[in-house]
Amino acid sequence: MSVQLDARPPTPAARRTTRPPRAFRLSRLDERYSPYLYVAPFFVLFGVFGAYPLIYTFWVSLHDWDLLGTEHPFVGAENYTRLMADPDFWHSVVNTLGIFVLSTVPQLLAALWLASLLNRQLRARTSWRMAVLVPNITSTAAVAIVFGVLFGRQFGMVNWLLDLVGVGAVDWKANRFASWVAISAMVDWRWTGYNALIFLAAMQAVPRDLYESAAIDGAGRTRQFWSITVPLLKPTIIFAVIVSTIGGLQLFTEPRMFHSGTNPIRGGPLRESQTMTMYMFENAFAPHYNFGYGSAVAWLLFALIAIVAALNVVLLRRLGGTDRPVQARRSRKERPR
Amino acid sequence: MNRLWSASRLTYAALAVTALMSVFPIYWMFVVASRSSDAMGQVPPPVTPGGNLGANISRLFSNTDAYFLTGLINSAIVAVTVTVSVVFFSTLAGFAFAKLRFRGRNALLLAIVATMMVPTQLGVIPLYLLMTKLNWNDRLPAVIVPALVTGFGVFMMRQYAGQAISTELIEAARMDGCGTARIYWNVVLPALRPAAAVLGLLTFMTTWNDFLWPYAVLNDPENPTVQLSLRALSDGYYQDMSQVFTGTAIATLPLLLVFVLFGRQIIGGIMEGAVKA
């Protein structure tokens with residue numbers, strides 16, 4: 001911003017005629033083309049390091065392509081047909097879906113509940129919000145190591161607590177379902193607070209008079225929650241579910257670091273919790289370096305993400321009330337406090 | 001001002017339990033980091049700090065497998081470079097999308113939102129081949145360059161620029177003969193500072209935590225990021241847990257520091273983004 005310091009009387013007409021045409025042309029060029037220059041870095045970078053590799057993954061998956069080979073013969077769908085008959089692959093698909101369900105459903109329900117708690121007249125509001133968000137800012141690898149120890153068989157704190165209430169020790173790393181639970185606990189721990197804040201922001205945009213009239217009609221707090229809050233939050237919930245689907249089905253760091261030390265990339269001695277991304281890594285990088293086969297896993301995972309995300313949207317659309325209340329929300333959008 | 005529901009004792013109790021569960025694993029990480037290695041075998045497990053932190057730190061930094069100091073320095077270089085770059089390019093593009101007129105603006109913005117839904121992580125194999133071709137394998141540019149600007153950052157800055165900068169202000173600057181670059185630097189960037197700070201904080205934390213791509217492309221054990229140092233520590237044949245936990249605690253410390261100092265802004269950023277998205 002500059003301030004006009006010129007004390008001479010303004011002579012706009014004279015200026016227009018004496019303005020150097022070159023500068024004028026330059027400023028026209030600036031107006032017209034600079035916007036493209038400013039948005040270009042994202043598109044160039046995304047094209048080179050995001051879109052191109054993703055599409056090229058499909059091309060690689062149609063070849064017999066490994067690290068050392070100088071030739072990559074085209075094999076068509078062979079990698080895919082081999083995958084379809086590969087029990088370890090299907091094992092990883094089941095693991096991925098199991099961990100996904102265990103980590104997403106309780107997480108979103110707990111986040112809704114936590115958001116409704118945070119949406120009350122609280123003392124030290126910011127401190128509570130920080131406390132529930134702090135898991136989300138920690139390093140995933142570090143936390144996975146800590147959880148790996150907490151869920152240790154011999155000296156883990158979880159087994160110690162279970163022992164106190166009379167439950168026998170669980171082998172969290174070698175029992176398939178138990179390892180799913182432990183890894184899901186890690187994911188839930190990390191993301192519940194984050195999603196609670198997202199839901200809280202949406203709850204604050206719900207007009208209060210809706211609750212007041214519901215209360216007059218005799219609806220209790222639980223009824224209000226399920227009949228007003230949840231339907232009004234549907235767009236936000238759908239958003240959170242899609243984001244959780246995309247992230248959850250690609251889960252890698254948590255199970256990989258949970259099994260640190262013994263068979264990390266296999267997700268345990270008998271692949272108890274090897275996810276699809278881990279299986280892709282095992283095949284594409286050390287020890288096999290079979291890029292073609294790994295790429296086929298990547299594309300099938302991509303397809304699975306698309307299918308599950310679409311299914312979720314369809315299911316959630318059907319659930320709950322009509323879309324009318326959403327318009328009410330839009331008309332009275334408020335800024336979060 | 002809205003009238004909120006009152007909070008009962010039960011509300012506070014439930015929140016307190018949740019907060020305890022949120023904080024405990026982090027707290028416990030520091031407990032084990034401050035104890036000797038036999039703390040792991042104790043029953044009941046220790047929950048108070050010990051006096052061994054200094055010894056653990058010096059053992060950690062002299063560990064010849066983890067290259068922990070290199071990891072810390074590398075992570076700092078990567079995270080700071082990526083953060084500065086993301087903030088710069090995102091504010092620039094966000095300004096263009098919010099305040100400049102150009103053909104195809106809406107279609108391009110839609111494309112950016114769509115890219116946020118694309119699991120680009122699945123492209124690691126060709127990305128790895130590309131880095132081999134560029135001769136960036138095992139080197140920091142491999143983890144820096146692909147992250148220099150994000151769709152999330154551009155979209156977030158566009159949303160904020162739309163409401164934070166008045167069009168009259170930009171018109172006034174234009175009357176004074178400012179080109180779009182000058183307008184960006186002198187008008188837009190100062191006005192975007194609060195949102196840019198939040199974007200910077202979120203970017204720093206994400207980059208510092210990044211694991212999958214560095215794990216794929218940085219295979220030289222002598223040149224890790226700090227997260228890869230943690231992997232080397234925890235994969236060790238003989239696991240000295242107090243040393244591993246010292247590593248996880250130090251790797252978490254910068255994030256905690258950022259969060260304690262700027263937690264309010266981070267929470268504000270997450271919540272505002274949620275309502276606008």
# chains A, B, ... in the order shown; residues from 1 in each chain; ligands from 1

$ closest_atom_pairs --of "chain A" --to "chain B" --cutoff "7 Å" --atoms "only C-alpha atoms" --output "tab-separated table"
residue	atom	partner	partner_atom	distance
A:Met1	CA	B:Ala173	CA	5.6
A:Ser2	CA	B:Asp176	CA	6.9
A:Ser27	CA	B:Gly179	CA	6.7
A:Asp30	CA	B:Thr180	CA	6.8
A:Arg32	CA	B:Phe102	CA	6.7
A:Pro35	CA	B:Ala96	CA	5.3
A:Tyr38	CA	B:Ala93	CA	5.1
A:Val39	CA	B:Ala93	CA	4.5
A:Phe42	CA	B:Val149	CA	5.8
A:Leu45	CA	B:Pro146	CA	6.5
A:Phe49	CA	B:Pro146	CA	5.6
A:Gly50	CA	B:Thr120	CA	5.5
A:Pro53	CA	B:Gly123	CA	4.8
A:Leu54	CA	B:Gly123	CA	4.2
A:Tyr56	CA	B:Pro126	CA	6.4
A:Thr57	CA	B:Pro126	CA	6.0
A:Leu117	CA	B:Thr11	CA	6.3
A:Arg120	CA	B:Trp5	CA	4.9
A:Gln121	CA	B:Ser6	CA	5.0
A:Leu122	CA	B:Ala7	CA	6.2
A:Thr126	CA	B:Arg264	CA	6.8
A:Met130	CA	B:Gly263	CA	6.5
A:Ala131	CA	B:Ala19	CA	5.3
A:Val132	CA	B:Ala19	CA	5.7
A:Val134	CA	B:Ser22	CA	6.9
A:Pro135	CA	B:Ser22	CA	5.9
A:Ile137	CA	B:Leu255	CA	6.6
A:Thr138	CA	B:Thr252	CA	6.0
A:Ser139	CA	B:Asn209	CA	5.0
A:Thr140	CA	B:Asn209	CA	6.5
A:Ala141	CA	B:Gln227	CA	6.4
A:Ala142	CA	B:Thr248	CA	4.9
A:Val146	CA	B:Met29	CA	6.7
A:Phe155	CA	B:Gly41	CA	5.9
A:Met157	CA	B:Pro45	CA	6.5
A:Trp189	CA	B:Ser22	CA	6.8
A:Leu197	CA	B:Met271	CA	6.2
A:Ile198	CA	B:Ala274	CA	5.4
A:Ala201	CA	B:Met271	CA	5.3
A:Ala202	CA	B:Val275	CA	5.9
A:Ile246	CA	B:Pro119	CA	6.8
A:Thr253	CA	B:Leu212	CA	6.8
A:Ser260	CA	B:Asp235	CA	5.1
A:Gly261	CA	B:Asp235	CA	4.0
A:Phe291	CA	B:Ile125	CA	6.6
A:Ser295	CA	B:Ile125	CA	6.8
A:Ala298	CA	B:Leu122	CA	5.5
A:Pro336	CA	B:Glu272	CA	6.5

$ select_by_dssp --residues "region 20-80 of chain B" --states "alpha helix (DSSP H)" --output "count of residues only"
36

$ closest_residue --among "B:Ile144, B:Gln163, B:Gly71, B:Pro194" --to "Trp213 (chain B)" --atoms "only C-alpha atoms"
B:Ile144

$ select_by_dssp --residues "region 50-162 of chain A" --states "strand (DSSP E or B)" --output "PyMOL selection string"
chain A and resi 63+66+74+120-121

$ closest_residue --among "A:Trp226, A:Tyr80, A:Phe258, A:Tyr289" --to "Leu109 (chain A)" --atoms "only C-alpha atoms"
A:Trp226

$ atom_distance --atom1 "CA of Leu133 (chain A)" --atom2 "CA of Met203 (chain A)"
17.4 Å

$ residues_around --residues "region 278-285 of chain A" --least-positions-apart "3" --cutoff "8 Å" --atoms "only C-alpha atoms" --output "list in words"
Phe89, Ser92, Phe252, Arg256, Ile265, Arg266, Gly267, Gln274, Thr275, His288, Tyr289, Asn290, Phe291, Gly292, Tyr293, Gly294, Ser295, Val297 and Ala298 of chain A; Ile125 and Ala216 of chain B

$ closest_residue --among "A:Val170, A:Leu83, A:Val243, A:Leu108" --to "Ala306 (chain A)" --atoms "only C-alpha atoms"
A:Val243

$ atom_distance --atom1 "CA of Glu212 (chain A)" --atom2 "CA of Ile228 (chain A)"
11.1 Å

$ decode --residues "region 64-118 of chain B" --atoms "C-alpha atoms" --output "PDB file, in the first residue's frame"
ATOM      1  CA  THR B  64      26.476 -45.874  15.951  1.00  0.00           C
ATOM      2  CA  ASP B  65      23.411 -47.438  14.290  1.00  0.00           C
ATOM      3  CA  ALA B  66      20.883 -44.651  14.649  1.00  0.00           C
ATOM      4  CA  TYR B  67      22.734 -41.534  13.396  1.00  0.00           C
ATOM      5  CA  PHE B  68      20.362 -39.656  15.624  1.00  0.00           C
ATOM      6  CA  LEU B  69      22.035 -36.255  15.416  1.00  0.00           C
ATOM      7  CA  THR B  70      22.144 -36.452  11.618  1.00  0.00           C
ATOM      8  CA  GLY B  71      18.488 -37.441  11.701  1.00  0.00           C
ATOM      9  CA  LEU B  72      17.549 -34.424  13.800  1.00  0.00           C
ATOM     10  CA  ILE B  73      19.487 -32.029  11.579  1.00  0.00           C
ATOM     11  CA  ASN B  74      18.069 -33.570   8.390  1.00  0.00           C
ATOM     12  CA  SER B  75      14.525 -33.409   9.706  1.00  0.00           C
ATOM     13  CA  ALA B  76      14.998 -29.781  10.687  1.00  0.00           C
ATOM     14  CA  ILE B  77      16.320 -28.913   7.222  1.00  0.00           C
ATOM     15  CA  VAL B  78      13.487 -30.760   5.469  1.00  0.00           C
ATOM     16  CA  ALA B  79      10.695 -29.463   7.697  1.00  0.00           C
ATOM     17  CA  VAL B  80      11.819 -25.826   7.638  1.00  0.00           C
ATOM     18  CA  THR B  81      12.407 -25.769   3.867  1.00  0.00           C
ATOM     19  CA  VAL B  82       9.075 -27.414   3.117  1.00  0.00           C
ATOM     20  CA  THR B  83       7.213 -25.141   5.537  1.00  0.00           C
ATOM     21  CA  VAL B  84       8.606 -21.909   4.086  1.00  0.00           C
ATOM     22  CA  SER B  85       7.942 -23.096   0.555  1.00  0.00           C
ATOM     23  CA  VAL B  86       4.408 -24.348   1.224  1.00  0.00           C
ATOM     24  CA  VAL B  87       3.463 -21.079   2.897  1.00  0.00           C
ATOM     25  CA  PHE B  88       4.918 -19.010   0.057  1.00  0.00           C
ATOM     26  CA  PHE B  89       3.404 -20.909  -2.876  1.00  0.00           C
ATOM     27  CA  SER B  90       0.081 -21.529  -1.116  1.00  0.00           C
ATOM     28  CA  THR B  91      -0.490 -17.871  -0.226  1.00  0.00           C
ATOM     29  CA  LEU B  92       0.518 -16.867  -3.748  1.00  0.00           C
ATOM     30  CA  ALA B  93      -1.879 -19.321  -5.404  1.00  0.00           C
ATOM     31  CA  GLY B  94      -4.582 -18.689  -2.794  1.00  0.00           C
ATOM     32  CA  PHE B  95      -4.393 -14.972  -3.571  1.00  0.00           C
ATOM     33  CA  ALA B  96      -4.718 -15.618  -7.293  1.00  0.00           C
ATOM     34  CA  PHE B  97      -7.744 -17.880  -6.796  1.00  0.00           C
ATOM     35  CA  ALA B  98      -9.487 -15.528  -4.388  1.00  0.00           C
ATOM     36  CA  LYS B  99      -8.750 -12.093  -5.808  1.00  0.00           C
ATOM     37  CA  LEU B 100      -7.576 -12.255  -9.414  1.00  0.00           C
ATOM     38  CA  ARG B 101      -9.718 -12.928 -12.424  1.00  0.00           C
ATOM     39  CA  PHE B 102      -8.584 -15.393 -15.021  1.00  0.00           C
ATOM     40  CA  ARG B 103     -10.083 -17.842 -17.444  1.00  0.00           C
ATOM     41  CA  GLY B 104     -10.569 -21.341 -15.990  1.00  0.00           C
ATOM     42  CA  ARG B 105     -10.279 -20.172 -12.413  1.00  0.00           C
ATOM     43  CA  ASN B 106     -13.164 -22.215 -11.051  1.00  0.00           C
ATOM     44  CA  ALA B 107     -12.232 -25.353 -12.954  1.00  0.00           C
ATOM     45  CA  LEU B 108      -8.655 -25.167 -11.687  1.00  0.00           C
ATOM     46  CA  LEU B 109      -9.808 -24.639  -8.121  1.00  0.00           C
ATOM     47  CA  LEU B 110     -12.089 -27.633  -8.407  1.00  0.00           C
ATOM     48  CA  ALA B 111      -9.149 -29.657  -9.695  1.00  0.00           C
ATOM     49  CA  ILE B 112      -7.164 -28.701  -6.596  1.00  0.00           C
ATOM     50  CA  VAL B 113      -9.943 -29.815  -4.272  1.00  0.00           C
ATOM     51  CA  ALA B 114     -10.132 -33.081  -6.202  1.00  0.00           C
ATOM     52  CA  THR B 115      -6.392 -33.694  -5.796  1.00  0.00           C
ATOM     53  CA  MET B 116      -6.839 -33.570  -2.037  1.00  0.00           C
ATOM     54  CA  MET B 117      -8.867 -36.778  -2.342  1.00  0.00           C
ATOM     55  CA  VAL B 118      -6.240 -38.624  -4.386  1.00  0.00           C
TER      56      VAL B 118
END
